[in-house]
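Peer 1: Could you have a look at this structure, given as structure tokens, before my questions?
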Amino acid sequence: MTELLGQLPLAAGEGSFWMPPKGSTVALDVDRVFYFIFWTSAFFFLLIVGLAVFFVIRYRRREGVEPGETAHHNLALELTWSGIPLILVFVMFYMGMKAMINIETPPSRAYEILVTAQRWSWLFTYPNGYVDKDLHVPLDVPVRLTMRSEDVIHSFYVPSFRLKKDIVPGKYTKTWFCATKPGRHVVFCAEYCGTQHSDMLADVVVHPAGEFEKWLADASNFADKLPPAEAGKRLYEVRGCMQCHSIDGKAGIGPSFKGVFGKKHAMTNGDMVLVDENYIRESIMEPQAKVTAGYDPVMPTYKGRLKDAEITAIIEYIKTLAEPEK
Amino acid sequence: MTATTLSYGSHDPDAPNVHDASDNYLTHGQGLRSWLTTTDHKRIGVMYLISVLTAFFLGGVFALLIRTELLGPGRTIMDADTYNQMFTLHGAVMIFLFIIPGMPAIFGNFVLPIMLGAKDVAFPRLNLASWYFYIAGSVFALLAIALGGVDTGWTFYTPYSTQFGGQVIPIVFGVFILGFSSIFTGINFIVTIHRLRPQGMGWFRMPLFLWAIYATSIIQVLATPVLAITLLLLIAERTFGVGIFDPAMGGDPVLFQHFFWFYSHPAVYIMILPAMGVMSEVISVFCRKHIFGYRFIAYSSIAIAVIGFFVWGHHMFTTQSAVANVIFSALTFAVAIPSAIKVFNWLATMYKGSISLDTPMCYALSFIGLFAIGGMTGLFLGSLGTDIHLHDTYFVVAHFHYVMMGGTVTMFIAALHYWWPKMFGRMYSERWGRFACLLIFIGFNATFFPMFVMGSQGMPRRYYNYMEQFKAFHHSATGGSYFLAVGFVIMAVYLLHSLFRGRPAPANPWGGATFEWRCSSPPPHHNFDEPPSVGDCYDFSNLVYDKQVGGYVLKTPDGAGDSEAGR
């Protein structure tokens, strides 16, 4: 996992010391506010600390030297140092508000993508029904995301787009962006959601003009073009199986798929159940029906979310992971 | 005469109440039982000191475990679930067991009645009850660890906390009980300040620490019940399936966030206001200068307490509607102004002073720098456009720690050193005190400054695993945290050492003009033999240093120090 993370740059191109690269139309506005506040703060910080240090040196305690007599209050001075910060923070408020209004106001026509967040993966559903684990978008085209959560609160965060939106279960959350930089950008989950919160990552892949449509057409019919086991492998990766079920025998949130097929396994109720085509199908449609001993009943149902042909493909893939009889 | 065999002072009410040092509140009654049944505000303050510092130690251990785990991405010393429990416990223990009760319950209890020249708080038994509620609440909260841990984060956000999270109920119930402890303390201080001020001490002649404690108490009394109700609803939902927050049962998870922050945002002012109060005392005493802009500092405490109630929505800029965002952003910027006013007034107090760099003043100076960074990084988070990017990243973690640790903890330590001679009658080593301050200052910045950069570069908080590009920042943070730990260990050693080997403290080691410096160190059980007369508590002109006494004494009319009365 570490290696995988290392290979994901936040985005193509360079950012500044403070901010990641600018990948969307609103990034410019946000960075302008950021640096306005930054330089204002830096000025006042140096003023305050500079004065404090100067006073400490200039007025350090000396034997026989009494403190100077000064006024105990001065209304004009108080009003000045209340008034100047007040004006400055009003400017910050106004700039920040304008940037937020841009972030919150989608253009009337935008490309629509549905986002499903679940512990601990992202699913992106395109208008033609195709589902992918990464968010592919065209360059310079406004994209509107309609997001929902399968379980707890998640937050869709793309640092290089300066975009973050909480996804609250029980309602649809909408947001939008217009990518201005081709290449890959990382998606984080920013709202704590449990064990693998920090691995709930995805990529935003920004395709140059004309290439997005080609990619979508190509990606959408993989189930028809590929042999079932290979299609099953793709589904395993993009539909959220991978996050909990390993293929190398390591126990995760759910049992590993390695060598699972064709063997009998103990269930939580003590029964021994043969893992065959029908058991896998049942476990996908009704995950809580028979849960393998030692695991919690936490898997969401895929009823209505996977087609029959897709379930068959996943079964074929799991079969390829079975261990040959010794 | 030696310092330990003093006679009573003169009956001149201006003179310090000198008292036989062997008869003090620490020796008044022997044995554990006399402590556990005491209603003496000073003893309750010391009991709080011991229990709150224990919580601080525990929270610090959790912090070191978190930082060690984050030395590398992926597993370093613990698995993801354990890590999630560690940051939850670090947050919950530091917030509810250490920093909220900390300043009011320890230093408020110890010095508030003495600053008023009173014998005790208005309700001494309620005061003792608050300590027992604190202990009971802490036991419940820590029971969660023994029962298997909790991993919701200290914010207990629903529906995570109602569906998952481990031992949520004991810790939430513990926090519920701790709330009562906080309310009892708040009520006590409000009534004490209203009713027990001495003849001649109007509101604007009170020490500014009392204004700060008063503002804090108002928040404690008004906001804590909201948290109590929220936590009860959470328990009801988790236990009985009452659908309030969980959308699966028809509830609204964002409602929980509103309820929670309606308490927890004002609560950060419970944490910082007393620190600002200590700052006002320390800066004027160690500069020997009258505090500048008394009324503005006093009113700004009240302004922070009042405006602080209306800014909770800035924790939900990525959740709520744009209109709500605009309102809460504007109010959030408004609350920045009183803090700025205070900082400028403290600086003006230093102007033309006679500045001595004793340990409490070193911490006060460190506070100015750290609180300035903490406060001004809050501007990035109050501004809507930038907050959307920075929310829930390490930038928030850094901002919060600069305000809470750089601000409150720094002044907590300053207060501990400032009143330590008064509390225990012993002087600690100044040299070690300043050295520890330097270590803590360096360690703190090495730990938390890189987090600003990580956060603005996009590293989300509460992450077990992270990208290679953040490794160097995490290394600095972990290294800094070990520096911090060494600083605190040194502090513990020289403070404990002073209890046994320290030079006996004079009545007024720093030259303070508030009442607590007029009774002996440590104070007698009843604080004063004669009620002290009220003067200007920031006028140091009639206090002079007496080498024989090792502290400050009142000037006699002929100009020489009256060493007889000062000891």
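Order determines the names: the first chain of the structure tokens is A, the second B, and so forth; residues in each chain are numbered 1 upward, and ligands are numbered 1 upward as they are shown.
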Please provide the set of residues having any atom within 9 Å of Gly232 of chain A, restricted to only C-alpha atoms, with same-chain residues fewer than 2 positions apart removed, written as a PDB file with C-alpha atoms, in the first residue's frame.

Peer 2:
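So the final result, stored in around.pdb, reads:
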ATOM      1  CA  ALA A 223     -17.552  -7.054 -19.787  1.00  0.00           C
ATOM      2  CA  PRO A 227     -13.173 -13.200 -20.938  1.00  0.00           C
ATOM      3  CA  PRO A 228     -15.456 -13.518 -17.846  1.00  0.00           C
ATOM      4  CA  ALA A 229     -12.623 -14.120 -15.375  1.00  0.00           C
ATOM      5  CA  GLU A 230     -10.783 -10.992 -16.530  1.00  0.00           C
ATOM      6  CA  ARG A 234     -11.955  -5.586 -13.179  1.00  0.00           C
ATOM      7  CA  LEU A 235     -15.210  -5.699 -11.274  1.00  0.00           C
ATOM      8  CA  TYR A 236     -13.367  -6.942  -8.178  1.00  0.00           C
ATOM      9  CA  GLU A 237     -11.141  -3.881  -8.400  1.00  0.00           C
ATOM     10  CA  GLU A 310     -21.341  -9.302 -13.678  1.00  0.00           C
ATOM     11  CA  ILE A 311     -21.951 -11.643 -10.744  1.00  0.00           C
ATOM     12  CA  THR A 312     -21.089 -14.566 -13.029  1.00  0.00           C
ATOM     13  CA  ALA A 313     -17.880 -12.815 -14.022  1.00  0.00           C
ATOM     14  CA  ILE A 314     -16.899 -12.274 -10.378  1.00  0.00           C
ATOM     15  CA  ILE A 315     -17.589 -15.970  -9.614  1.00  0.00           C
ATOM     16  CA  GLU A 316     -15.360 -16.950 -12.530  1.00  0.00           C
ATOM     17  CA  TYR A 317     -12.633 -14.704 -11.202  1.00  0.00           C
ATOM     18  CA  ILE A 318     -12.859 -16.191  -7.691  1.00  0.00           C
TER      19      ILE A 318
END

Peer 1: Would you pick out the contacts of segment 162-176 of chain B at 10 Å or less, using only C-alpha atoms, so that residues sharing its chain but fewer than 5 positions from it are not included, and give the list as a PyMOL selection string?

Peer 2: (chain A and resi 151-152+193-195) or (chain B and resi 81+84-85+89+92-93+96-97+133-154+156-157+181+224-225+227-232+234-239+241+245-246)

Peer 1: In Å, with one decimal, what is the gap from atom CA of Glu430 of chain B to atom CA of Asp358 of chain B?

Peer 2: 6.8 Å

Peer 1: Can you list, as a ChimeraX atom specification, every protein, DNA or RNA residue that comes within 10 Å of Leu36 of chain B when you count only C-alpha atoms, leaving out same-chain residues fewer than 4 positions away?

Peer 2: /B:31-32,43-44,47,128,131-132

Peer 1: Would you mind listing what lies within 9 Å of segment 103-118 of chain A as an MDAnalysis selection string, with only C-alpha atoms counted and same-chain residues fewer than 6 positions away left out?

Peer 2: (chainID A and resid 26 124:127 135 137 141:156 162:163 167 174:177 189 200 240 300) or (chainID B and resid 322 385)

Peer 1: Residues within 8 Å of Trp18 of chain A, please, as number ranges by chain. Count only C-alpha atoms; anything in the same chain fewer than 3 positions from it doesn't count.

Peer 2: A: 15; B: 453, 456-457

Peer 1: Which chain B residues are at most 7 Å from chain A (counting only C-alpha atoms), as a ChimeraX atom specification?

Peer 2: /B:73-74,80-81,159-160,247,288-293,318-319,326,329-330,333,337,341,347,350-356,369,372,376,380,383-386,388-389,392,453,456-458,460,462-465,467-468
